[in-house]
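Engineer: Can you read through this structure? Questions will come right after.
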Amino acid sequence: MSRRRTTPLAVRRHRTGYLFSLPGLVFLALLLAYPLLYNVWTSVHAVSLSSRLGGPEPFNGLANYRSVLTDPAFWRAVRVSALFTVGSLVCQFTIGFALALLFIRPFPFNGLLRSLLLMAWLLPPIVSGTLFRWMLDGDSGAYNALLRSTGLGVLTHDWLTDPSTALACVIAANIWVGVPFNMLLLLVGLHGIDPELYEAAALDGAGAWQRFRRITLPLMRPVSAAVLLLGLITTFKVFDLIFVMTGGGPVDATTVLSLYVYEVFFRFFRFSQGAAGALLLLTVPLIAAALYVRRLRHERATA
Amino acid sequence: MTTIRKPWLHTATAAVVTAVFLVPVLWMVSTSFKKPDRILAVSPQWIPSPFTTENYSAALANPALPRALLNSLVISGGVVALTLLLAVPLSYALARIPMRGSGAMVLALLIAQLLPAIVLAAPLFILERKTGLQNTYTGLIAADTTLTLPFAVVVLRPLVQSIPAELEEAALVDGCGLPGVLGYVVLPLMAPGLIAVAGMSFLLAWGEFVFGLTLGQTPEVQPATVVLNSFAGPVRTAWGPLMATATLISVPVVCVFAILHRFIVGGLTAGSVKG
């Protein structure tokens with residue numbers, strides 16, 4: 001008993017540390033590290049539904065990657081993903097910034113209204129997707145009904161079943177989902193700007209636009225970069241919203257990379273190609289994360 | 001900023017923006033209370049008249065839905081419990097104790113946060129089939145926790161770091177063992193973070209779809225999100241019951257957020273901006 005008491009705190013802490021992180025470590029090893037490594041293994045072997053039932057699964061090098069990279073559907077998905085990501089990011093960020101500039105001012109019910117906006121972001125994406133699917137429905141959707149009742153009936157359209165408009169629609173829905181979160185993060189950034197800067201600038205005769213251009217924009221640059229990188233990662237994760245709105249259709253018009261991987265893996269059970277596709281898909285968020293971490297380090301170093 | 005001359009004007013602007021933004025949600029709730037013939041009416045109506053709950057009865061008459069709501073509740077509860085159980089000691093260790101490999105662990109958590117769910121769902125599908133975890137609550141709870149654990153550690157670790165180490169040492173000197181220090185000193189001070197993590201984990205698990213779709217393919221474990229998706233059939237969708245189902249799934253989200261929003265907003269911003 002007394003011996004335990006005399007064990008230095010640091011040593012006891014050390015032991016406890018390993019003990020405490022053990023459950024988390026085991027969990028991460030079993031559910032994250034192992035599956036990801038298994039994915040790498042699958043991507044360089046010939047694994048299919050029949051091989052899973054007890055056939056041979058020989059090593060086949062980069063053949064699966066080659067077959068994905070020569071699949072026109074993969075490149076179509078790359079293009080759709082790029083359009084989806086750029087469209088979503090630009091609009092989410094711009095609208096989120098505008099809303100943040102509105103909500104940075106103190107006014108009655110500010111907190112309540114902000115929370116209501118944020119609630120839209122917290123709705124399960126499957127629910128938001130279902131809403132938009134119903135609103136954009138060609139026969140009975142609210143959007144077409146609105147057009148008809150305002151005399152713009154000629155513009156009514158089968159929004160989600162026409163390949164030329166479906167992608168724009170899922171992008172619009174994703175913008176709707178992402179705006180509140182962008183606003184929230186940008187608000188945090190705006191709160192970090194010293195109000196005395198604005199007062200000094202106003203005293204010097206700077207107008208509202210000048211204050212925005214010369215103070216807000218440059219000082220928000222680091223936060224904006226972080227928000228955009230984070231947005232890139234989250235946009236690349238989007239699956240549910242598109243899945244319920246269009247299922248990737250019509251004719252692959254909205255098949256982003258994650259839906260492509262789903263198709264290959266879970267619809268055609270081409271496990272090896274699916275695994276290879278999944279790893280190719282992973283490169284984009286990995287690069288974004290590396291940039292994000294570098295930015296954080298840089299900020300900490302200069303702060 | 002400079003003094004605001006017309007705060008109510010800003011309130012009005014913000015209120016209009018919020019209302020326009022929430023139109024899809026309001027439309028969902030409104031549709032869910034409309035008679036089927038009113039839903040497809042040429043001139044859309046905002047307030048359902050006559051007001052009816054028949055869409056809800058119709059939706060719930062399909063035994064798949066009550067079962068799916070129950071499944072979602074069980075899975076979300078399990079995810080909250082497992083997340084806290086793993087994240088609290090892990091965050092404490094990562095915050096307080098210099099260990100070999102803690103950097104690698106933080107990196108693993110970061111990677112987990114950026115993984116598109118499908119990248120993990122693919123290998124888990126094969127592995128859970130092999131181990132018999134496919135189509136079980138355990139399999140789904142474990143998979144969902146890969147989404148909540150990184151977030152939980154990101155929120156909790158700085159909280160532990162913000163507790164003065166002297167406080168713990170004082171308690172140790174006073175003869176309180178390490179478990180006592182954690183139970184009486186550390187955990188109470190972490191309470192707001194624990195509530196945020198519990199709330200966010202519940203919301204994430206409740207809304208989760210990809211793992212539910214791929215790893216839970218039987219009605220016995222399928223979460224409500226997957227059932228909602230299957231209700232939205234390709235053609236001739238029954239919109240009334242569908243909107244009723246969507247509203248039912250949203251109710252717990254709204255409730256949890258309404259009760260915990262202070263904690264959740266704090267946790268969200270801490271988790272995302274500071275990394």
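By order of appearance in the structure tokens: chains A, B, ..., then residues from 1 within every chain, and ligands from 1 in the order shown.
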Which residues come within 12 Å of region 153-158 of chain B, counting only C-alpha atoms, excluding same-chain residues fewer than 5 positions away, as a PDB file with C-alpha atoms, in the first residue's frame?
Structural biologist:
```
ATOM      1  CA  SER A  21      -6.080   4.534 -24.426  1.00  0.00           C
ATOM      2  CA  GLY A  24      -9.881   3.302 -28.070  1.00  0.00           C
TER       3      GLY A  24
ATOM      4  CA  THR B  83     -18.532   6.717 -27.922  1.00  0.00           C
ATOM      5  CA  LEU B  84     -18.405   8.053 -24.367  1.00  0.00           C
ATOM      6  CA  LEU B  85     -16.909   4.819 -23.050  1.00  0.00           C
ATOM      7  CA  LEU B  86     -14.060   4.951 -25.552  1.00  0.00           C
ATOM      8  CA  ALA B  87     -13.598   8.700 -25.912  1.00  0.00           C
ATOM      9  CA  VAL B  88     -13.425   9.797 -22.270  1.00  0.00           C
ATOM     10  CA  PRO B  89     -10.415   7.715 -21.213  1.00  0.00           C
ATOM     11  CA  LEU B  90      -8.772   8.149 -24.613  1.00  0.00           C
ATOM     12  CA  SER B  91      -9.105  11.943 -24.529  1.00  0.00           C
ATOM     13  CA  TYR B  92      -7.775  12.034 -20.987  1.00  0.00           C
ATOM     14  CA  ALA B  93      -4.758   9.949 -21.918  1.00  0.00           C
ATOM     15  CA  LEU B  94      -4.044  11.962 -25.075  1.00  0.00           C
ATOM     16  CA  ALA B  95      -4.410  15.260 -23.237  1.00  0.00           C
ATOM     17  CA  ARG B  96      -2.489  14.550 -20.063  1.00  0.00           C
ATOM     18  CA  ILE B  97      -0.011  11.817 -20.573  1.00  0.00           C
ATOM     19  CA  MET B 105      -3.416   7.977 -32.761  1.00  0.00           C
ATOM     20  CA  VAL B 106      -4.317  11.620 -33.343  1.00  0.00           C
ATOM     21  CA  LEU B 107      -3.452  11.111 -37.007  1.00  0.00           C
ATOM     22  CA  ALA B 108      -5.694   8.020 -37.165  1.00  0.00           C
ATOM     23  CA  LEU B 109      -8.560  10.058 -35.712  1.00  0.00           C
ATOM     24  CA  LEU B 110      -7.984  12.787 -38.271  1.00  0.00           C
ATOM     25  CA  ALA B 112     -11.257   8.769 -39.684  1.00  0.00           C
ATOM     26  CA  GLN B 113     -12.832  12.218 -39.819  1.00  0.00           C
ATOM     27  CA  THR B 145     -18.873   4.908 -33.772  1.00  0.00           C
ATOM     28  CA  THR B 146     -16.051   5.394 -36.296  1.00  0.00           C
ATOM     29  CA  LEU B 147     -17.929   8.603 -37.193  1.00  0.00           C
ATOM     30  CA  THR B 148     -18.467   9.820 -33.634  1.00  0.00           C
ATOM     31  CA  ILE B 163      -8.442  21.689 -16.424  1.00  0.00           C
ATOM     32  CA  PRO B 164      -5.518  22.893 -14.286  1.00  0.00           C
ATOM     33  CA  VAL B 186     -12.136  15.653 -14.053  1.00  0.00           C
ATOM     34  CA  LEU B 187     -15.506  14.262 -15.123  1.00  0.00           C
ATOM     35  CA  LEU B 189     -15.513  19.660 -15.138  1.00  0.00           C
ATOM     36  CA  MET B 190     -15.935  17.907 -18.492  1.00  0.00           C
ATOM     37  CA  ALA B 191     -19.732  17.792 -18.156  1.00  0.00           C
ATOM     38  CA  PRO B 192     -20.572  20.365 -20.860  1.00  0.00           C
ATOM     39  CA  GLY B 193     -18.312  18.573 -23.331  1.00  0.00           C
ATOM     40  CA  LEU B 194     -19.779  15.206 -22.407  1.00  0.00           C
ATOM     41  CA  ILE B 195     -23.285  16.519 -23.042  1.00  0.00           C
ATOM     42  CA  ALA B 196     -22.215  17.979 -26.409  1.00  0.00           C
ATOM     43  CA  VAL B 197     -20.578  14.707 -27.403  1.00  0.00           C
ATOM     44  CA  ALA B 198     -23.579  12.644 -26.331  1.00  0.00           C
ATOM     45  CA  MET B 200     -23.876  15.083 -31.396  1.00  0.00           C
ATOM     46  CA  SER B 201     -23.235  11.332 -31.352  1.00  0.00           C
ATOM     47  CA  PHE B 263     -23.668  22.680 -25.717  1.00  0.00           C
ATOM     48  CA  ILE B 264     -23.747  21.420 -29.283  1.00  0.00           C
ATOM     49  CA  VAL B 265     -22.944  24.754 -30.916  1.00  0.00           C
ATOM     50  CA  GLY B 266     -20.021  25.195 -28.505  1.00  0.00           C
ATOM     51  CA  GLY B 267     -18.774  21.697 -29.264  1.00  0.00           C
ATOM     52  CA  LEU B 268     -19.176  22.081 -33.035  1.00  0.00           C
ATOM     53  CA  THR B 269     -17.166  25.247 -33.305  1.00  0.00           C
ATOM     54  CA  ALA B 270     -14.490  23.980 -30.933  1.00  0.00           C
ATOM     55  CA  GLY B 271     -14.239  20.757 -32.895  1.00  0.00           C
ATOM     56  CA  SER B 272     -14.062  22.223 -36.369  1.00  0.00           C
ATOM     57  CA  VAL B 273     -12.060  25.384 -36.136  1.00  0.00           C
ATOM     58  CA  LYS B 274      -9.391  24.378 -33.704  1.00  0.00           C
ATOM     59  CA  GLY B 275      -8.997  20.908 -35.199  1.00  0.00           C
TER      60      GLY B 275
END
```
Engineer: Fewer than 4 positions away in the same chain doesn't count, so skip those; otherwise give me all residues within 9 Å of Leu282 (chain A), counting only C-alpha atoms, as number ranges by chain.
Structural biologist: A: 277-278, 286-287; B: 114-116, 119
Engineer: Restricting it to N, CA and C atoms, dump the selection as a PDB file, in the first residue's frame.
Structural biologist:
```
ATOM      1  N   GLY A 277     -11.232   1.788 -56.474  1.00  0.00           N
ATOM      2  CA  GLY A 277     -11.930   3.062 -56.652  1.00  0.00           C
ATOM      3  C   GLY A 277     -12.012   3.840 -55.345  1.00  0.00           C
ATOM      4  N   ALA A 278     -12.290   3.117 -54.249  1.00  0.00           N
ATOM      5  CA  ALA A 278     -12.399   3.764 -52.940  1.00  0.00           C
ATOM      6  C   ALA A 278     -11.080   4.429 -52.564  1.00  0.00           C
ATOM      7  N   LEU A 286      -7.510  13.335 -48.580  1.00  0.00           N
ATOM      8  CA  LEU A 286      -6.204  13.226 -47.911  1.00  0.00           C
ATOM      9  C   LEU A 286      -5.334  14.443 -48.213  1.00  0.00           C
ATOM     10  N   ILE A 287      -5.334  14.850 -49.485  1.00  0.00           N
ATOM     11  CA  ILE A 287      -4.549  16.032 -49.853  1.00  0.00           C
ATOM     12  C   ILE A 287      -5.113  17.270 -49.142  1.00  0.00           C
TER      13      ILE A 287
ATOM     14  N   LEU B 114     -12.027  12.314 -42.089  1.00  0.00           N
ATOM     15  CA  LEU B 114     -12.164  12.743 -43.477  1.00  0.00           C
ATOM     16  C   LEU B 114     -12.588  11.625 -44.414  1.00  0.00           C
ATOM     17  N   LEU B 115     -12.703  10.397 -43.889  1.00  0.00           N
ATOM     18  CA  LEU B 115     -13.081   9.268 -44.735  1.00  0.00           C
ATOM     19  C   LEU B 115     -14.501   9.411 -45.249  1.00  0.00           C
ATOM     20  N   PRO B 116     -14.712   9.364 -46.548  1.00  0.00           N
ATOM     21  CA  PRO B 116     -16.086   9.189 -47.014  1.00  0.00           C
ATOM     22  C   PRO B 116     -16.582   7.818 -46.540  1.00  0.00           C
ATOM     23  N   VAL B 119     -15.887   4.447 -48.239  1.00  0.00           N
ATOM     24  CA  VAL B 119     -14.549   3.871 -48.234  1.00  0.00           C
ATOM     25  C   VAL B 119     -14.404   2.860 -47.092  1.00  0.00           C
TER      26      VAL B 119
END
```
Engineer: Which residues come within 8 Å of Leu259 (chain A), counting only C-alpha atoms, excluding same-chain residues fewer than 6 positions away, as a PyMOL selection string?
Structural biologist: chain A and resi 239+243+248
Engineer: Could those residues be written to a file, using all heavy atoms, as a short mmCIF file (atom, residue, chain, number, x, y, z; two decimals), in the first residue's frame?
Structural biologist:
```cif
data_model
loop_
_atom_site.label_atom_id
_atom_site.label_comp_id
_atom_site.auth_asym_id
_atom_site.auth_seq_id
_atom_site.Cartn_x
_atom_site.Cartn_y
_atom_site.Cartn_z
N PHE A 239 -23.13 11.58 -49.91
CA PHE A 239 -23.60 10.36 -50.55
C PHE A 239 -25.13 10.30 -50.43
O PHE A 239 -25.83 10.24 -51.43
CB PHE A 239 -22.96 9.15 -49.87
CG PHE A 239 -23.38 7.82 -50.44
CD1 PHE A 239 -22.63 7.21 -51.42
CD2 PHE A 239 -24.54 7.20 -49.99
CE1 PHE A 239 -23.02 5.99 -51.95
CE2 PHE A 239 -24.94 5.98 -50.52
CZ PHE A 239 -24.18 5.38 -51.51
N PHE A 243 -28.05 10.13 -53.25
CA PHE A 243 -28.62 8.79 -53.37
C PHE A 243 -30.14 8.84 -53.32
O PHE A 243 -30.82 8.21 -54.13
CB PHE A 243 -28.08 7.91 -52.23
CG PHE A 243 -28.36 6.46 -52.41
CD1 PHE A 243 -27.53 5.67 -53.19
CD2 PHE A 243 -29.44 5.86 -51.79
CE1 PHE A 243 -27.77 4.32 -53.36
CE2 PHE A 243 -29.70 4.51 -51.96
CZ PHE A 243 -28.86 3.74 -52.74
N GLY A 248 -28.07 8.78 -58.33
CA GLY A 248 -26.93 8.88 -59.24
C GLY A 248 -27.35 9.16 -60.67
O GLY A 248 -26.54 9.54 -61.50
#
```
Engineer: Would you write out, as a Markdown table, a table of all residues in region 105-164 of chain B that have an atom no more than 7 Å from an atom of region 206-230 of chain B, listing for each the closest atom pair and the distance in Å to one decimal, considering only C-alpha atoms and ordering rows by chain and rising residue number?
Structural biologist:
```
| residue | atom | partner | partner_atom | distance |
| --- | --- | --- | --- | --- |
| B:Ala117 | CA | B:Val210 | CA | 6.5 |
| B:Ile118 | CA | B:Val210 | CA | 6.7 |
| B:Ala121 | CA | B:Phe211 | CA | 6.1 |
| B:Phe125 | CA | B:Leu215 | CA | 5.9 |
| B:Gln134 | CA | B:Leu215 | CA | 5.6 |
| B:Asn135 | CA | B:Gly216 | CA | 4.3 |
| B:Thr136 | CA | B:Val221 | CA | 6.3 |
| B:Tyr137 | CA | B:Val221 | CA | 6.2 |
| B:Leu140 | CA | B:Leu215 | CA | 6.7 |
| B:Ala143 | CA | B:Phe211 | CA | 6.8 |
```
Engineer: Any chance you could export the current selection's all heavy atoms as a short mmCIF file (atom, residue, chain, number, x, y, z; two decimals), in the first residue's frame?
Structural biologist:
```
data_model
loop_
_atom_site.label_atom_id
_atom_site.label_comp_id
_atom_site.auth_asym_id
_atom_site.auth_seq_id
_atom_site.Cartn_x
_atom_site.Cartn_y
_atom_site.Cartn_z
N ALA B 117 -17.82 7.77 -46.02
CA ALA B 117 -18.31 6.55 -45.37
C ALA B 117 -18.18 5.32 -46.27
O ALA B 117 -17.92 4.22 -45.80
CB ALA B 117 -19.75 6.74 -44.93
N ILE B 118 -18.33 5.53 -47.58
CA ILE B 118 -18.33 4.38 -48.48
C ILE B 118 -16.96 3.69 -48.48
O ILE B 118 -16.87 2.47 -48.66
CB ILE B 118 -18.74 4.83 -49.91
CG1 ILE B 118 -19.12 3.63 -50.78
CG2 ILE B 118 -17.67 5.62 -50.62
CD1 ILE B 118 -20.45 3.04 -50.44
N ALA B 121 -17.25 1.51 -45.57
CA ALA B 121 -18.37 0.57 -45.69
C ALA B 121 -17.97 -0.62 -46.56
O ALA B 121 -18.38 -1.75 -46.29
CB ALA B 121 -19.59 1.27 -46.28
N PHE B 125 -18.10 -4.32 -45.09
CA PHE B 125 -19.12 -5.23 -45.62
C PHE B 125 -18.56 -6.66 -45.71
O PHE B 125 -19.18 -7.62 -45.26
CB PHE B 125 -19.55 -4.72 -47.00
CG PHE B 125 -20.52 -5.62 -47.71
CD1 PHE B 125 -21.84 -5.67 -47.32
CD2 PHE B 125 -20.10 -6.42 -48.79
CE1 PHE B 125 -22.74 -6.50 -47.98
CE2 PHE B 125 -21.00 -7.24 -49.45
CZ PHE B 125 -22.32 -7.27 -49.04
N GLN B 134 -22.52 -8.82 -39.67
CA GLN B 134 -23.41 -8.20 -40.64
C GLN B 134 -24.86 -8.36 -40.16
O GLN B 134 -25.22 -9.39 -39.60
CB GLN B 134 -23.24 -8.87 -42.00
CG GLN B 134 -23.76 -8.04 -43.13
CD GLN B 134 -23.85 -8.83 -44.41
OE1 GLN B 134 -24.00 -10.04 -44.38
NE2 GLN B 134 -23.77 -8.14 -45.53
N ASN B 135 -25.66 -7.32 -40.37
CA ASN B 135 -27.06 -7.34 -39.96
C ASN B 135 -27.24 -7.55 -38.46
O ASN B 135 -28.15 -8.26 -38.03
CB ASN B 135 -27.85 -8.41 -40.72
CG ASN B 135 -27.74 -8.22 -42.22
OD1 ASN B 135 -27.60 -7.10 -42.69
ND2 ASN B 135 -27.81 -9.30 -42.96
N THR B 136 -26.35 -7.00 -37.66
CA THR B 136 -26.55 -7.01 -36.21
C THR B 136 -26.45 -5.58 -35.70
O THR B 136 -25.82 -4.73 -36.33
CB THR B 136 -25.48 -7.84 -35.47
OG1 THR B 136 -24.20 -7.21 -35.68
CG2 THR B 136 -25.43 -9.27 -35.95
N TYR B 137 -27.08 -5.32 -34.55
CA TYR B 137 -26.95 -4.00 -33.93
C TYR B 137 -25.48 -3.71 -33.64
O TYR B 137 -25.00 -2.61 -33.86
CB TYR B 137 -27.73 -3.95 -32.61
CG TYR B 137 -29.23 -3.86 -32.77
CD1 TYR B 137 -30.09 -4.58 -31.93
CD2 TYR B 137 -29.81 -3.02 -33.72
CE1 TYR B 137 -31.47 -4.48 -32.04
CE2 TYR B 137 -31.19 -2.92 -33.84
CZ TYR B 137 -32.02 -3.65 -33.00
OH TYR B 137 -33.37 -3.55 -33.12
N LEU B 140 -23.58 -2.45 -36.59
CA LEU B 140 -23.95 -1.08 -36.98
C LEU B 140 -23.45 -0.06 -35.96
O LEU B 140 -22.95 1.00 -36.32
CB LEU B 140 -25.47 -0.97 -37.13
CG LEU B 140 -26.01 -1.60 -38.41
CD1 LEU B 140 -27.52 -1.68 -38.38
CD2 LEU B 140 -25.57 -0.78 -39.61
N ALA B 143 -19.73 0.38 -36.45
CA ALA B 143 -19.42 1.16 -37.65
C ALA B 143 -19.74 2.63 -37.45
O ALA B 143 -18.95 3.51 -37.78
CB ALA B 143 -20.21 0.60 -38.84
#
```
Engineer: Near region 44-50 of chain B, within 12 Å and counting only C-alpha atoms, which residues show up once chain neighbours fewer than 3 positions away are dropped, as a ChimeraX atom specification?
Structural biologist: /A:135,140-150 /B:23-41,53-54,240
